[in-house]
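S.K.: Sending over a structure as structure tokens; questions will come in a sec.
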Amino acid sequence: MSNAQLNELKQKYVANGAASPATQFADRAENAIIWDADGNRIIDFAGGIGVLNIGHCHPKVVEAVREQLGRVMHTCQTVIPYEGYVKVAEKLSQLTPVRGHAKVMLVNSGAEALENAVKVARAATGKNNVICFDGGYHGRTFMTMAMNGKVAPYSADFGSMPGNVFRAPYPVPFHGVSEEDALRGLKMTLKTDANPKDTAAIVIEPVLGEGGFYPAPASFLKAVREICDEHGMLMIVDEVQSGFGRTGKLFAIEHSGVQPDIITMAKSMAGGMPISALVGTAEHMDASGPNSLGGTYSGSPVSCAAVLAVLEVLEEEKILEKSQALGEVLGQRFTQWQQRFGCVENVRHLGSMAALDIVSADQAPDAELAAALCRRAREKGLILLSCGLYGNTIRFLMPVTIEDNILEEGLAIVEELLEEVTA
């Protein structure tokens, strides 16, 4: 079917709140290129929102999925388990930098991982409150909507959110919040709203994802760790978007040397197959009773096969090193743009988790211009995404495996658009 025909079906049958505004439909994809239903070629700088660090349809992942499909597609692992689940648990336990021996629970999405991390923290501590941060994003289920540090579009239309969730400032100096301000705000939250004796966990992204790709300083993350230890709270680190090589480490928290109690992960862990995990210190993960954690599709055999293949690709193809190198290329190009174009400010990257802010002539966040750049990019055959608390951040999530010529082609489109808007 053509793009036009599919758009007619979308408008008639897909709920408006879930429908993509895009008018092109993906037909096939390879590494950093998508071809739509009309055969148009599109460069992908979004990577399925951080899901495709090793590219679309990596041959090793495709082969692992095909092989597993011919053996077992589903049993529900709580009914009868299978090798893939325990092998993934073993690998993640060995690779994830949490305190002590780690145990693993597999689920289906980033939001589901965060929901279960809160359940584990409450069971382990006997306390209820959760502290999150301004600009944070943790999912679209009710608990995670309450945890998000931004209202629209995630929770604006859905009534009252669950209670026992409190907020603290995230350190973003570009927006006037220093590390000292953020630490003081966190301590004030503990004093005025979330009594430590009632607080189970502090949940933080080491690099804000939807909030704008701002890394937290290592010293701030260490301070959060110390506060958690002082008050008997768990430190939960959300690596759903920043994990599996995006920042040049397997997990972004590794840049700080901090060991959390629980790390949640999803997105690029399976190369496009739906799966997520929470990995935590064994005593915490074992705090709740038998059959208290789980789900019908949790840790699908097919998705587990994909995870094991992805972990092999990360090592064999030196994806962490490639991510660091890609980040350097992006950082240099962004710096050139900041020097040339008045609308580009605050360029940044941690590995290849890279972004820049679009501002007006008076240096105010310019969400409209950022959105226009993304629209124009799509017209020129490039998928580009905005994000951020103010909607003015352009984030770059192309596959780490992107070919040099495709990368340059896409960056040239962005540069051309910047020249247009500043002309």
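Chain lettering (A, B, ...) mirrors the order of the structure tokens, residue numbering begins at 1 for each chain separately, and ligand numbering begins at 1 in order of display.
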Assign secondary structure with DSSP using the backbone only, and return the residues of stretch 240-333 of chain A in strand (DSSP E or B) as a ChimeraX atom specification.
M.R.: /A:262-265,276-281
S.K.: May I have the residues from that selection written out with N, CA, C and O atoms, as a PDB file, in the first residue's frame?
M.R.:
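Okay, result-v3.pdb is ready:
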ATOM      1  N   ILE A 262      19.618  -0.211  42.001  1.00  0.00           N
ATOM      2  CA  ILE A 262      18.851  -0.774  40.883  1.00  0.00           C
ATOM      3  C   ILE A 262      19.119   0.072  39.648  1.00  0.00           C
ATOM      4  O   ILE A 262      19.190   1.293  39.724  1.00  0.00           O
ATOM      5  N   ILE A 263      19.282  -0.586  38.505  1.00  0.00           N
ATOM      6  CA  ILE A 263      19.361   0.089  37.210  1.00  0.00           C
ATOM      7  C   ILE A 263      18.252  -0.469  36.318  1.00  0.00           C
ATOM      8  O   ILE A 263      18.079  -1.690  36.223  1.00  0.00           O
ATOM      9  N   THR A 264      17.498   0.434  35.694  1.00  0.00           N
ATOM     10  CA  THR A 264      16.488   0.008  34.722  1.00  0.00           C
ATOM     11  C   THR A 264      17.024   0.255  33.318  1.00  0.00           C
ATOM     12  O   THR A 264      17.778   1.199  33.080  1.00  0.00           O
ATOM     13  N   MET A 265      16.617  -0.585  32.384  1.00  0.00           N
ATOM     14  CA  MET A 265      17.138  -0.513  31.012  1.00  0.00           C
ATOM     15  C   MET A 265      16.091  -1.037  30.036  1.00  0.00           C
ATOM     16  O   MET A 265      15.196  -1.800  30.408  1.00  0.00           O
ATOM     17  N   SER A 276      12.680  -5.183  28.426  1.00  0.00           N
ATOM     18  CA  SER A 276      13.349  -4.278  29.347  1.00  0.00           C
ATOM     19  C   SER A 276      13.767  -5.079  30.570  1.00  0.00           C
ATOM     20  O   SER A 276      13.417  -6.258  30.707  1.00  0.00           O
ATOM     21  N   ALA A 277      14.504  -4.427  31.458  1.00  0.00           N
ATOM     22  CA  ALA A 277      14.988  -5.139  32.635  1.00  0.00           C
ATOM     23  C   ALA A 277      15.183  -4.185  33.793  1.00  0.00           C
ATOM     24  O   ALA A 277      15.434  -2.990  33.609  1.00  0.00           O
ATOM     25  N   LEU A 278      15.076  -4.727  35.002  1.00  0.00           N
ATOM     26  CA  LEU A 278      15.626  -4.058  36.167  1.00  0.00           C
ATOM     27  C   LEU A 278      16.640  -5.014  36.778  1.00  0.00           C
ATOM     28  O   LEU A 278      16.391  -6.223  36.907  1.00  0.00           O
ATOM     29  N   VAL A 279      17.799  -4.455  37.055  1.00  0.00           N
ATOM     30  CA  VAL A 279      18.905  -5.224  37.610  1.00  0.00           C
ATOM     31  C   VAL A 279      19.264  -4.575  38.933  1.00  0.00           C
ATOM     32  O   VAL A 279      19.532  -3.369  38.983  1.00  0.00           O
ATOM     33  N   GLY A 280      19.235  -5.352  40.006  1.00  0.00           N
ATOM     34  CA  GLY A 280      19.467  -4.770  41.314  1.00  0.00           C
ATOM     35  C   GLY A 280      20.186  -5.693  42.260  1.00  0.00           C
ATOM     36  O   GLY A 280      20.321  -6.899  42.018  1.00  0.00           O
ATOM     37  N   THR A 281      20.661  -5.118  43.357  1.00  0.00           N
ATOM     38  CA  THR A 281      21.309  -5.889  44.401  1.00  0.00           C
ATOM     39  C   THR A 281      20.385  -7.017  44.859  1.00  0.00           C
ATOM     40  O   THR A 281      19.193  -6.801  45.087  1.00  0.00           O
TER      41      THR A 281
END
S.K.: Could you list, as a PyMOL selection string, every residue within 8 Å of A:Met273, counting only C-alpha atoms and ignoring same-chain residues fewer than 3 positions away?
M.R.: chain A and resi 270+302-303+306
S.K.: With N, CA, C and O atoms kept, could you save the residues just selected as an mmCIF file, in the first residue's frame?
M.R.:
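Below you can see out_28.cif, which holds the result:
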data_model
loop_
_atom_site.group_PDB
_atom_site.id
_atom_site.type_symbol
_atom_site.label_atom_id
_atom_site.label_comp_id
_atom_site.auth_asym_id
_atom_site.auth_seq_id
_atom_site.Cartn_x
_atom_site.Cartn_y
_atom_site.Cartn_z
ATOM 1 N N ALA A 270 17.874 -4.787 22.839
ATOM 2 C CA ALA A 270 17.477 -5.917 21.999
ATOM 3 C C ALA A 270 17.387 -5.557 20.529
ATOM 4 O O ALA A 270 16.759 -6.283 19.758
ATOM 5 N N VAL A 302 11.842 -14.760 22.277
ATOM 6 C CA VAL A 302 12.373 -14.146 21.055
ATOM 7 C C VAL A 302 13.176 -12.895 21.394
ATOM 8 O O VAL A 302 14.268 -12.666 20.857
ATOM 9 N N SER A 303 12.666 -12.082 22.303
ATOM 10 C CA SER A 303 13.395 -10.882 22.704
ATOM 11 C C SER A 303 14.675 -11.229 23.457
ATOM 12 O O SER A 303 15.691 -10.555 23.306
ATOM 13 N N ALA A 306 17.326 -11.903 21.057
ATOM 14 C CA ALA A 306 17.844 -10.656 20.500
ATOM 15 C C ALA A 306 18.829 -9.989 21.451
ATOM 16 O O ALA A 306 19.864 -9.462 21.031
#
S.K.: Just the residues within 10 Å of stretch 59-72 of chain A, please, counting only C-alpha atoms, with nothing from its chain fewer than 3 positions along; format it as a list of chain:residue names.
M.R.: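 Using only C-alpha atoms, the neighbours found are A:Glu30, A:Asn31, A:Ile54, A:Gly55, A:His56, A:Thr75, A:Tyr82, A:Gly84, A:Ala270, A:Gly271, A:Gly272, A:Met273, A:Ser300, A:Pro301, A:Val302, A:Ser303, A:Cys304, A:Ala305, A:Ala306, A:Val307, A:Leu308, A:Ala309, A:Val310, A:Leu311, A:Glu312, A:Val313.
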S.K.: With distances taken over only C-alpha atoms, which of A:Leu221, A:Ile227, A:Ala146, A:Ala102 is nearest to A:Val258?
M.R.: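 Closest candidate: A:Leu221.
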S.K.: Atom CA of A:Glu112 to atom CA of A:Val240: how many Å, to one decimal?
M.R.: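 Calculated distance between atom CA of A:Glu112 and atom CA of A:Val240 is 10.9 Å.
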S.K.: Write out as a compact mmCIF listing (two decimals) with C-alpha atoms, in the first residue's frame each polymer residue whose atoms come within 8 Å of stretch 214-217 of chain A, counting only C-alpha atoms; drop sequence neighbours fewer than 2 positions from it.
M.R.:
# COMPACT_ATOMS: atom_id res chain seq x y z
CA TYR A 170 17.99 18.52 38.17
CA PRO A 171 21.31 20.33 37.64
CA VAL A 172 21.12 22.17 34.30
CA GLU A 179 24.75 21.61 40.89
CA PRO A 206 22.32 10.00 34.73
CA VAL A 207 21.63 11.84 31.47
CA LEU A 208 18.19 13.37 31.03
CA GLY A 209 16.56 11.76 28.01
CA GLY A 211 14.39 16.25 29.33
CA GLY A 212 17.10 17.41 26.96
CA SER A 219 29.83 14.76 41.91
CA PHE A 220 26.05 15.22 41.97
CA LEU A 221 25.43 11.52 41.38
CA SER A 256 30.69 8.58 37.51
CA ARG A 348 26.91 18.89 24.30
CA LEU A 350 28.42 12.25 26.31
S.K.: For each of A:Asn148, A:Asn405, A:Asn53, A:Thr199, take the minimum atom-to-atom distance to A:Leu320, counting only C-alpha atoms, then give the residue where this is smallest.
M.R.: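 Closest to A:Leu320, using only C-alpha atoms: A:Asn53.
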S.K.: Between A:Phe142, A:Phe133, A:Tyr154, A:Phe341, which is the closest to A:Pro169 once you count only C-alpha atoms?
M.R.: A:Phe133
S.K.: Quick one, how far is atom CA of A:Glu316 from atom CA of A:Gly248?
M.R.: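 For atom CA of A:Glu316 relative to atom CA of A:Gly248, the distance reads 15.0 Å.
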S.K.: I need the residue nearest A:Gly126 from this list: A:Thr422, A:Asn108, A:Ser288, A:Gln338. Use only C-alpha atoms for the distance.
M.R.: A:Ser288
S.K.: Just how far from atom CA of A:Ala412 is atom CA of A:Arg378, in Å to one decimal?
M.R.: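 Spanning atom CA of A:Arg378 to atom CA of A:Ala412 is a straight-line distance of 13.6 Å.
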S.K.: Within 10 Å of A:Met145, counting only C-alpha atoms, which residues qualify if same-chain residues fewer than 3 places away don't, as a VMD selection string?
M.R.: chain A and resid 111 137 to 142 148 to 151 154 to 156 158 161 to 162
S.K.: Would you kindly return, as a PyMOL selection string, each protein, DNA or RNA residue with an atom no farther than 12 Å from any atom of A:Thr23, considering only C-alpha atoms and excluding same-chain residues fewer than 6 positions away?
M.R.: chain A and resi 2-11+36-38+375+378-379
S.K.: Deliver the residues from the most recent selection as a file, using N, CA and C atoms, as a CSV table (one decimal), in the first residue's frame.
M.R.:
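Done, and the output landed in out.csv:
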chain,number,residue,atom,x,y,z
A,2,SER,N,0.4,2.3,-0.5
A,2,SER,CA,1.1,3.6,-0.6
A,2,SER,C,1.0,4.4,0.7
A,3,ASN,N,1.9,5.4,0.8
A,3,ASN,CA,1.8,6.3,2.0
A,3,ASN,C,0.4,6.9,2.1
A,4,ALA,N,-0.2,7.3,1.0
A,4,ALA,CA,-1.5,8.0,1.0
A,4,ALA,C,-2.6,7.0,1.5
A,5,GLN,N,-2.5,5.8,1.0
A,5,GLN,CA,-3.5,4.8,1.4
A,5,GLN,C,-3.4,4.5,2.9
A,6,LEU,N,-2.2,4.3,3.3
A,6,LEU,CA,-2.0,4.0,4.8
A,6,LEU,C,-2.4,5.2,5.6
A,7,ASN,N,-2.2,6.4,5.2
A,7,ASN,CA,-2.6,7.6,6.0
A,7,ASN,C,-4.1,7.6,6.1
A,8,GLU,N,-4.8,7.2,5.1
A,8,GLU,CA,-6.3,7.1,5.2
A,8,GLU,C,-6.7,6.1,6.3
A,9,LEU,N,-6.1,5.0,6.3
A,9,LEU,CA,-6.4,4.0,7.3
A,9,LEU,C,-6.0,4.5,8.7
A,10,LYS,N,-4.9,5.2,8.8
A,10,LYS,CA,-4.5,5.7,10.1
A,10,LYS,C,-5.5,6.7,10.6
A,11,GLN,N,-5.9,7.6,9.8
A,11,GLN,CA,-6.9,8.6,10.2
A,11,GLN,C,-8.2,8.0,10.6
A,36,ASP,N,10.4,4.2,2.7
A,36,ASP,CA,9.0,4.3,3.0
A,36,ASP,C,8.2,3.5,2.0
A,37,ALA,N,6.8,3.5,2.2
A,37,ALA,CA,5.9,2.7,1.4
A,37,ALA,C,5.9,3.1,-0.1
A,38,ASP,N,6.4,4.4,-0.4
A,38,ASP,CA,6.5,4.8,-1.8
A,38,ASP,C,7.9,4.7,-2.3
A,375,ARG,N,10.6,19.4,11.1
A,375,ARG,CA,9.7,19.3,10.0
A,375,ARG,C,10.4,19.4,8.6
A,378,ARG,N,12.5,16.4,7.8
A,378,ARG,CA,11.7,15.3,7.2
A,378,ARG,C,11.4,15.5,5.8
A,379,GLU,N,11.1,16.7,5.4
A,379,GLU,CA,10.9,17.0,4.0
A,379,GLU,C,12.1,16.7,3.1
S.K.: Give me the residues within 9 Å of A:Ser93 as a PyMOL selection string, counting only C-alpha atoms and dropping any in the same chain fewer than 4 places off.
M.R.: chain A and resi 88-89+97-98+101-104+279-280
S.K.: Hey, which of A:Glu321, A:Asp134, A:Asp366, A:Asp261 ends up closest to A:Gly100? Count only C-alpha atoms.
M.R.: A:Asp261
S.K.: Going by DSSP on the backbone, which residues of stretch 38-111 of chain A come out as alpha helix (DSSP H)? List them as an MDAnalysis selection string.
M.R.: chainID A and resid 47:50 59:69 83:95 110:111
S.K.: Go through A:Pro290, A:Asn195, A:Arg225, A:Gln259 and flag the residue nearest A:Leu183, using only C-alpha atoms for the distances.
M.R.: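 Among the listed residues, the smallest separation from A:Leu183 belongs to A:Arg225.
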